[in-house]
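**Student:** Sharing a structure, written as structure tokens. Questions coming.
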Amino acid sequence: GSAGGKGQGIFISHMCSEVLNHIDTSPSDTAWVVSRYLEDPLLLDGRKFDVRCWVLLDAQYRVFAFEDGVARTTSYQYDLNDLSNPLQHLTNHCIQATTAEYQQFEEGNELSFTQLDAYISKSSSGSKGWFNDIVPQMNEIINLSFDAAREKLAPVHTDVNQESLSQFQLFGFDFLVDSQYKVWLLEINGSPASRELLKSHMSLSLIDTAILSHFREFQKHENGSPMESDTAEGGKWLYKSTASEVENEDGEGEGGGRKREGQGGDGGGGLRGLTNSGEQTACRLCFVKISR
């Protein structure tokens with residue numbers, strides 16, 4: 001059960017009676033979410049992880065997923081029989097950063113989608129892959145979530161002669177993957193934090209996808225030419241996406257994404273854009289349309 005943010009207020013127990021007692025003895029004005037614990041998560045060298053995906057909903061209720069996400073890892077080996085140490089079970093950075101073991105395995109306790117793909121491919125002897133088997137499941141759950149919330153989130157026309165406001169929102173979708181490679185939705189955040197290595201890519205693509213596409217005077221830039229807002233860091237250019245690329249209605253592969261160098265038309269996302277050390281590669285990262 002949980003009644004807080006950033007991993008605060010989470011209570012884990014084997015006994016339903018303990019959960020009920022914990023809620024009954026809490027302040028009466030506290031709202032709780034109670035869910036069954038995922039007992040058999042997919043592990044990274046014996047440690048638990050969850051996955052953060054950044055998802056953009058634009059003014060036309062189109063859904064775009066950022067091509068790279070992050071796995072947030074724990075600092076201790078997973079033991080289902082030991083619930084006394086939350087650092088084995090809760091992946092939130094705010095909790096993991098409190099231990100001396102934080103970052104002993106990965107910088108910032110984070111892995112990119114590309115690193116996850118390499119790990120899963122190796123651990124499954126090549127029978128499973130992150131982009132081919134996991135990302136399509138996440139995209140399907142994302143679409144189902146927005147379908148369910150359409151009545152609340154879709155722009156409302158207060159007057160038949162008045163256009164609705166052009167608005168967008170960035171969401172953070174958090175997932176768990178079980179030992180059978182099934183994806184489970186953990187929660188959806190309305191004001192998600194971003195991975196530092198991805199901020200520049202994500203910011204440029206968000207502006208291009210959700211804002212500039214609405215201004216006619218910027219249409220000349222949609223042929224892929226660099227914009228004045230493009231900047232260089234360390235002598236390497238930060239590339240931008242274009243609305244015509246992201247919007248690819250025909251869809252080259254599942255999920256409506258583009259084919260990527262070195263990959264088939266999986267459409268799941270995950271360009272090799274940044275390494276964990278922050279080194280820029282030849283590929284760019286952007287929001288890709290995944291809505292049906």
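Following the order of the structure tokens, first chain is A, next is B, and so on, with residues numbered from 1 inside each chain and ligands from 1 in the order they appear.
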Which polymer residues have any atom within 8 Å of an atom of range 175-177 of chain A, counting only C-alpha atoms, with same-chain residues fewer than 6 positions away left out, as a PDB file with all heavy atoms, in the first residue's frame?

**Tutor:**
```pdb
ATOM      1  N   PRO A  41       9.609 -10.724 -10.165  1.00  0.00           N
ATOM      2  CA  PRO A  41      10.076  -9.750 -11.156  1.00  0.00           C
ATOM      3  C   PRO A  41      11.281 -10.270 -11.925  1.00  0.00           C
ATOM      4  O   PRO A  41      12.049 -11.102 -11.422  1.00  0.00           O
ATOM      5  CB  PRO A  41      10.460  -8.545 -10.290  1.00  0.00           C
ATOM      6  CG  PRO A  41      10.880  -9.152  -8.985  1.00  0.00           C
ATOM      7  CD  PRO A  41       9.948 -10.316  -8.785  1.00  0.00           C
ATOM      8  N   LEU A  42      11.434  -9.777 -13.142  1.00  0.00           N
ATOM      9  CA  LEU A  42      12.659 -10.015 -13.886  1.00  0.00           C
ATOM     10  C   LEU A  42      13.777  -9.291 -13.151  1.00  0.00           C
ATOM     11  O   LEU A  42      13.625  -8.137 -12.751  1.00  0.00           O
ATOM     12  CB  LEU A  42      12.522  -9.475 -15.311  1.00  0.00           C
ATOM     13  CG  LEU A  42      13.701  -9.713 -16.260  1.00  0.00           C
ATOM     14  CD1 LEU A  42      13.883 -11.191 -16.537  1.00  0.00           C
ATOM     15  CD2 LEU A  42      13.493  -8.943 -17.558  1.00  0.00           C
ATOM     16  N   PHE A  49      14.377  -4.127 -10.603  1.00  0.00           N
ATOM     17  CA  PHE A  49      14.370  -2.840 -11.302  1.00  0.00           C
ATOM     18  C   PHE A  49      12.952  -2.519 -11.768  1.00  0.00           C
ATOM     19  O   PHE A  49      12.118  -3.413 -11.913  1.00  0.00           O
ATOM     20  CB  PHE A  49      15.322  -2.860 -12.514  1.00  0.00           C
ATOM     21  CG  PHE A  49      14.861  -3.731 -13.657  1.00  0.00           C
ATOM     22  CD1 PHE A  49      14.170  -3.183 -14.735  1.00  0.00           C
ATOM     23  CD2 PHE A  49      15.110  -5.099 -13.662  1.00  0.00           C
ATOM     24  CE1 PHE A  49      13.735  -3.975 -15.795  1.00  0.00           C
ATOM     25  CE2 PHE A  49      14.679  -5.901 -14.711  1.00  0.00           C
ATOM     26  CZ  PHE A  49      14.005  -5.341 -15.787  1.00  0.00           C
ATOM     27  N   ASP A  50      12.694  -1.241 -11.971  1.00  0.00           N
ATOM     28  CA  ASP A  50      11.471  -0.831 -12.660  1.00  0.00           C
ATOM     29  C   ASP A  50      11.874   0.018 -13.858  1.00  0.00           C
ATOM     30  O   ASP A  50      13.055   0.313 -14.057  1.00  0.00           O
ATOM     31  CB  ASP A  50      10.486  -0.115 -11.735  1.00  0.00           C
ATOM     32  CG  ASP A  50      10.894   1.320 -11.419  1.00  0.00           C
ATOM     33  OD1 ASP A  50      12.049   1.709 -11.683  1.00  0.00           O
ATOM     34  OD2 ASP A  50      10.057   2.077 -10.891  1.00  0.00           O
ATOM     35  N   VAL A  51      10.903   0.380 -14.684  1.00  0.00           N
ATOM     36  CA  VAL A  51      11.184   1.069 -15.948  1.00  0.00           C
ATOM     37  C   VAL A  51      10.386   2.360 -16.012  1.00  0.00           C
ATOM     38  O   VAL A  51       9.184   2.382 -15.730  1.00  0.00           O
ATOM     39  CB  VAL A  51      10.815   0.179 -17.156  1.00  0.00           C
ATOM     40  CG1 VAL A  51      11.124   0.897 -18.466  1.00  0.00           C
ATOM     41  CG2 VAL A  51      11.549  -1.147 -17.077  1.00  0.00           C
ATOM     42  N   ARG A  52      11.056   3.448 -16.378  1.00  0.00           N
ATOM     43  CA  ARG A  52      10.383   4.733 -16.592  1.00  0.00           C
ATOM     44  C   ARG A  52      10.380   5.048 -18.089  1.00  0.00           C
ATOM     45  O   ARG A  52      11.420   5.054 -18.741  1.00  0.00           O
ATOM     46  CB  ARG A  52      11.097   5.831 -15.813  1.00  0.00           C
ATOM     47  CG  ARG A  52      10.828   7.281 -16.274  1.00  0.00           C
ATOM     48  CD  ARG A  52       9.375   7.699 -16.149  1.00  0.00           C
ATOM     49  NE  ARG A  52       8.832   7.617 -14.820  1.00  0.00           N
ATOM     50  CZ  ARG A  52       8.938   8.581 -13.889  1.00  0.00           C
ATOM     51  NH1 ARG A  52       9.588   9.689 -14.169  1.00  0.00           N
ATOM     52  NH2 ARG A  52       8.373   8.432 -12.710  1.00  0.00           N
ATOM     53  N   MET A 138       4.636  -2.309 -23.581  1.00  0.00           N
ATOM     54  CA  MET A 138       4.508  -1.018 -22.913  1.00  0.00           C
ATOM     55  C   MET A 138       3.679  -0.055 -23.755  1.00  0.00           C
ATOM     56  O   MET A 138       2.816   0.663 -23.227  1.00  0.00           O
ATOM     57  CB  MET A 138       5.898  -0.440 -22.629  1.00  0.00           C
ATOM     58  CG  MET A 138       6.693  -1.240 -21.612  1.00  0.00           C
ATOM     59  SD  MET A 138       8.170  -0.391 -20.966  1.00  0.00           S
ATOM     60  CE  MET A 138       9.126  -0.184 -22.460  1.00  0.00           C
ATOM     61  N   VAL A 183       4.808  -7.426 -19.092  1.00  0.00           N
ATOM     62  CA  VAL A 183       4.920  -6.066 -18.582  1.00  0.00           C
ATOM     63  C   VAL A 183       3.678  -5.713 -17.752  1.00  0.00           C
ATOM     64  O   VAL A 183       2.552  -6.005 -18.139  1.00  0.00           O
ATOM     65  CB  VAL A 183       5.083  -5.067 -19.751  1.00  0.00           C
ATOM     66  CG1 VAL A 183       5.101  -3.634 -19.229  1.00  0.00           C
ATOM     67  CG2 VAL A 183       6.359  -5.369 -20.531  1.00  0.00           C
ATOM     68  N   TRP A 184       3.924  -5.061 -16.614  1.00  0.00           N
ATOM     69  CA  TRP A 184       2.849  -4.645 -15.725  1.00  0.00           C
ATOM     70  C   TRP A 184       2.968  -3.137 -15.482  1.00  0.00           C
ATOM     71  O   TRP A 184       4.055  -2.623 -15.218  1.00  0.00           O
ATOM     72  CB  TRP A 184       2.942  -5.368 -14.376  1.00  0.00           C
ATOM     73  CG  TRP A 184       2.825  -6.848 -14.476  1.00  0.00           C
ATOM     74  CD1 TRP A 184       3.812  -7.741 -14.825  1.00  0.00           C
ATOM     75  CD2 TRP A 184       1.658  -7.636 -14.241  1.00  0.00           C
ATOM     76  NE1 TRP A 184       3.340  -9.025 -14.812  1.00  0.00           N
ATOM     77  CE2 TRP A 184       2.015  -8.997 -14.456  1.00  0.00           C
ATOM     78  CE3 TRP A 184       0.345  -7.327 -13.853  1.00  0.00           C
ATOM     79  CZ2 TRP A 184       1.106 -10.029 -14.301  1.00  0.00           C
ATOM     80  CZ3 TRP A 184      -0.552  -8.368 -13.697  1.00  0.00           C
ATOM     81  CH2 TRP A 184      -0.181  -9.702 -13.915  1.00  0.00           C
ATOM     82  N   LEU A 185       1.836  -2.432 -15.554  1.00  0.00           N
ATOM     83  CA  LEU A 185       1.828  -1.006 -15.262  1.00  0.00           C
ATOM     84  C   LEU A 185       1.910  -0.792 -13.750  1.00  0.00           C
ATOM     85  O   LEU A 185       1.117  -1.340 -12.995  1.00  0.00           O
ATOM     86  CB  LEU A 185       0.553  -0.353 -15.805  1.00  0.00           C
ATOM     87  CG  LEU A 185       0.371   1.140 -15.501  1.00  0.00           C
ATOM     88  CD1 LEU A 185       1.469   1.962 -16.157  1.00  0.00           C
ATOM     89  CD2 LEU A 185      -1.006   1.609 -15.963  1.00  0.00           C
ATOM     90  N   LEU A 186       2.872   0.020 -13.330  1.00  0.00           N
ATOM     91  CA  LEU A 186       3.043   0.322 -11.909  1.00  0.00           C
ATOM     92  C   LEU A 186       2.293   1.588 -11.532  1.00  0.00           C
ATOM     93  O   LEU A 186       1.463   1.588 -10.612  1.00  0.00           O
ATOM     94  CB  LEU A 186       4.536   0.459 -11.583  1.00  0.00           C
ATOM     95  CG  LEU A 186       4.920   0.699 -10.132  1.00  0.00           C
ATOM     96  CD1 LEU A 186       4.425  -0.451  -9.253  1.00  0.00           C
ATOM     97  CD2 LEU A 186       6.439   0.848 -10.006  1.00  0.00           C
ATOM     98  N   GLU A 187       2.572   2.687 -12.230  1.00  0.00           N
ATOM     99  CA  GLU A 187       1.864   3.938 -11.986  1.00  0.00           C
ATOM    100  C   GLU A 187       2.125   4.907 -13.133  1.00  0.00           C
ATOM    101  O   GLU A 187       3.004   4.701 -13.954  1.00  0.00           O
ATOM    102  CB  GLU A 187       2.296   4.571 -10.661  1.00  0.00           C
ATOM    103  CG  GLU A 187       3.754   4.985 -10.619  1.00  0.00           C
ATOM    104  CD  GLU A 187       4.122   5.656  -9.306  1.00  0.00           C
ATOM    105  OE1 GLU A 187       3.202   5.908  -8.485  1.00  0.00           O
ATOM    106  OE2 GLU A 187       5.301   5.952  -9.095  1.00  0.00           O
TER     107      GLU A 187
END
```

**Student:** As a PyMOL selection string, please: the residues near Val19 in chain A (cut-off 12 Å, only C-alpha atoms, same-chain neighbours under 5 positions excluded).

**Tutor:** chain A and resi 1-2+10-14+24-26+32-36

**Student:** Identify which of the residues A:Glu151, A:Glu107, A:Glu18, A:Glu39 lies closest to Gln180 in chain A, counting only C-alpha atoms when measuring atom-to-atom distances.

**Tutor:**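 Checking each candidate against Gln180 in chain A, we get A:Glu39 as the closest.
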
**Student:** Could you pull out the residues in range 27-217 of chain A that DSSP calls strand (DSSP E) from the backbone, as a PyMOL selection string?

**Tutor:** chain A and resi 49-57+63-66+70-73+110-112+169-177+183-189

**Student:** Would you please give, as a PyMOL selection string, all residues of range 33-204 of chain A that DSSP assigns to helix (DSSP H, G or I) based on the backbone?

**Tutor:** chain A and resi 86-88+93-96+107-109+113-123+130-148+150-153+196-204

**Student:** From the list A:Asn139, A:Ser17, A:Ser205, A:Asn189, which residue is nearest Val63 in chain A when using only C-alpha atoms?

**Tutor:**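 Comparing A:Asn139, A:Ser17, A:Ser205, A:Asn189 against Val63 in chain A, the winner is A:Asn139.
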
**Student:** Rounded to one decimal place, report the CA of Ile95 in chain A-CA of Gly108 in chain A distance in Å.

**Tutor:**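 A separation of 12.2 Å between them.
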